[in-house]
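Peer 1: Pasting a structure here, questions to come.
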Amino acid sequence: MPTVRDLRAKAGDEPITMLTAYDAPTAAVVDESGVDIILVGDSLGNTSLGYETTLPVTVDDMARHTGAVARATDDALVVADMPFLSIGVDERASIENAGRMLQEEDAHAVKLESGPHTVELTEKLVQLGIPVMAHLGLTPQHVNKYGGYPRQGTDREAARHILELAEAHEEAGAFSLVLEHVPSNLAAEVTSALDVPTIGIGAGPHCDGQVLVVDDAVGLSEWSPSFSKQFGNVRAEMESAIDAYVTAVESGEFPAEEHSHEEGNLEDIY
Ligand code: KIV
């Protein structure tokens, strides 16, 4: 397993690979592919729980899915995303919620959707032994503030604010930083200003690593953002397998003899 220190050392060397996973079988496949980091993203609200946004995702949801992923992962670093309002309202509750992901669910680190309100908390969590991945740019838990999911850091003031927050989180002890949906030249600037690795999503090629939502990457999602890329078509594979199953059941072809068994001593039981 790459440790948080290994990842810090990797910045600027080989690109870091990160993918989300939300359940044990997917985590096992992602882990076997050699991905460096598995993020149990609160995007599971959209991908797995059928919500429109990530806001309804609870600490219990994240704990259940983080445990499933951690149990199926041997090599990757497992990072648990902290859901809406689970951090930042009250320091004690924030620490307990983040600590639960490591203490009870075997995550190695947590990710916080970051802002001015998470600098002190990042420092506190790191002091307590909870490694923190920061997340700046588009932070989907702010969907109601943004009125959607717009690009971030597109003017000088907003870009400078992101750069300053990135530096503040590095100073507070974050071991890496996700940059979401920001201009690639801003991501390049942040990457060169920080010692810790940046991991981009919709942030261009200059970050130290890349992350995608696994459902988007494998082609399972019905919709995916324009900055994402499908590297397969799992949805089409599933549709064709399920069509074949329905046809086989309807035609009586399944189950065949090899899928059934008979017991000799069950005659005349009624
Ligand atoms: O929840 C998530 O999957 C994320 C990634 C897109 C970075 O935050």
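Following the order of the structure tokens, chains are lettered A, B, ..., residues in each are numbered from 1, and ligands are numbered from 1.
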Just the alpha helix (DSSP H) stuff from range 125-259 of chain A, please, per backbone DSSP, written as a count of residues only.
Peer 2: 58
Peer 1: Grab me every residue within 7 Å of ligand 1, counting only C-alpha atoms and all ligand atoms, and send it over as a PyMOL selection string.
Peer 2: chain A and resi 20+39-44+81+178+180+201+211-213
Peer 1: Give me the residues within 8 Å of Glu170 in chain A as a list in words, counting only C-alpha atoms and dropping any in the same chain fewer than 3 places off.
Peer 2: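 Here the qualifying residues turn out to be Ala166, Glu167, Gly173, Ala174, Phe175, Ser176, Leu194, Asp195 and Val196 of chain A.
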Peer 1: Here is a test: counting only C-alpha atoms, which residue of A:Val110, A:Ser184, A:Thr53, A:Gly204 is nearest to Gly129 in chain A?
Peer 2: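 Of A:Val110, A:Ser184, A:Thr53, A:Gly204, the one nearest Gly129 in chain A is A:Val110, counting only C-alpha atoms.
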Peer 1: Write out as an mmCIF file with C-alpha atoms, in the first residue's frame each polymer residue whose atoms come within 12 Å of Ser224 in chain A, counting only C-alpha atoms; drop sequence neighbours fewer than 3 positions from it.
Peer 2:
```cif
data_model
loop_
_atom_site.group_PDB
_atom_site.id
_atom_site.type_symbol
_atom_site.label_atom_id
_atom_site.label_comp_id
_atom_site.auth_asym_id
_atom_site.auth_seq_id
_atom_site.Cartn_x
_atom_site.Cartn_y
_atom_site.Cartn_z
ATOM 1 C CA SER A 43 -20.542 10.804 -5.146
ATOM 2 C CA ASN A 46 -25.516 9.926 -7.145
ATOM 3 C CA THR A 47 -23.930 6.722 -8.413
ATOM 4 C CA GLY A 202 -11.571 18.435 -14.873
ATOM 5 C CA LEU A 212 -12.439 9.936 -11.977
ATOM 6 C CA VAL A 213 -15.697 8.538 -10.688
ATOM 7 C CA VAL A 214 -15.411 4.829 -11.480
ATOM 8 C CA ASP A 215 -18.918 4.590 -12.966
ATOM 9 C CA ASP A 216 -17.966 7.314 -15.467
ATOM 10 C CA ALA A 217 -14.581 5.747 -16.273
ATOM 11 C CA VAL A 218 -15.983 2.286 -17.015
ATOM 12 C CA GLY A 219 -19.072 3.573 -18.842
ATOM 13 C CA LEU A 220 -21.732 2.573 -16.322
ATOM 14 C CA SER A 221 -23.199 6.039 -15.676
ATOM 15 C CA PHE A 227 -14.353 16.533 -18.457
ATOM 16 C CA SER A 228 -14.739 12.808 -17.811
ATOM 17 C CA LYS A 229 -13.880 9.993 -20.229
ATOM 18 C CA GLN A 230 -15.412 6.526 -20.702
#
```
Peer 1: Applying 6 Å and only C-alpha atoms, which residues near range 103-107 of chain A remain after dropping the ones on its own chain fewer than 5 positions away? List them as a list in words.
Peer 2: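 Here the qualifying residues turn out to be Gly67, Ala70, Val78 and Val79 of chain A.
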Peer 1: Can you list, as a PyMOL selection string, all residues belonging to range 61-98 of chain A that DSSP tags as strand (DSSP E or B)?
Peer 2: chain A and resi 77-81
Peer 1: Can you tell me which residues surround range 85-102 of chain A at a distance of at most 12 Å, considering only C-alpha atoms, apart from same-chain residues fewer than 6 positions away, and format the answer as number ranges by chain?
Peer 2: A: 40, 42, 54-70, 77-79, 108-133, 141-142
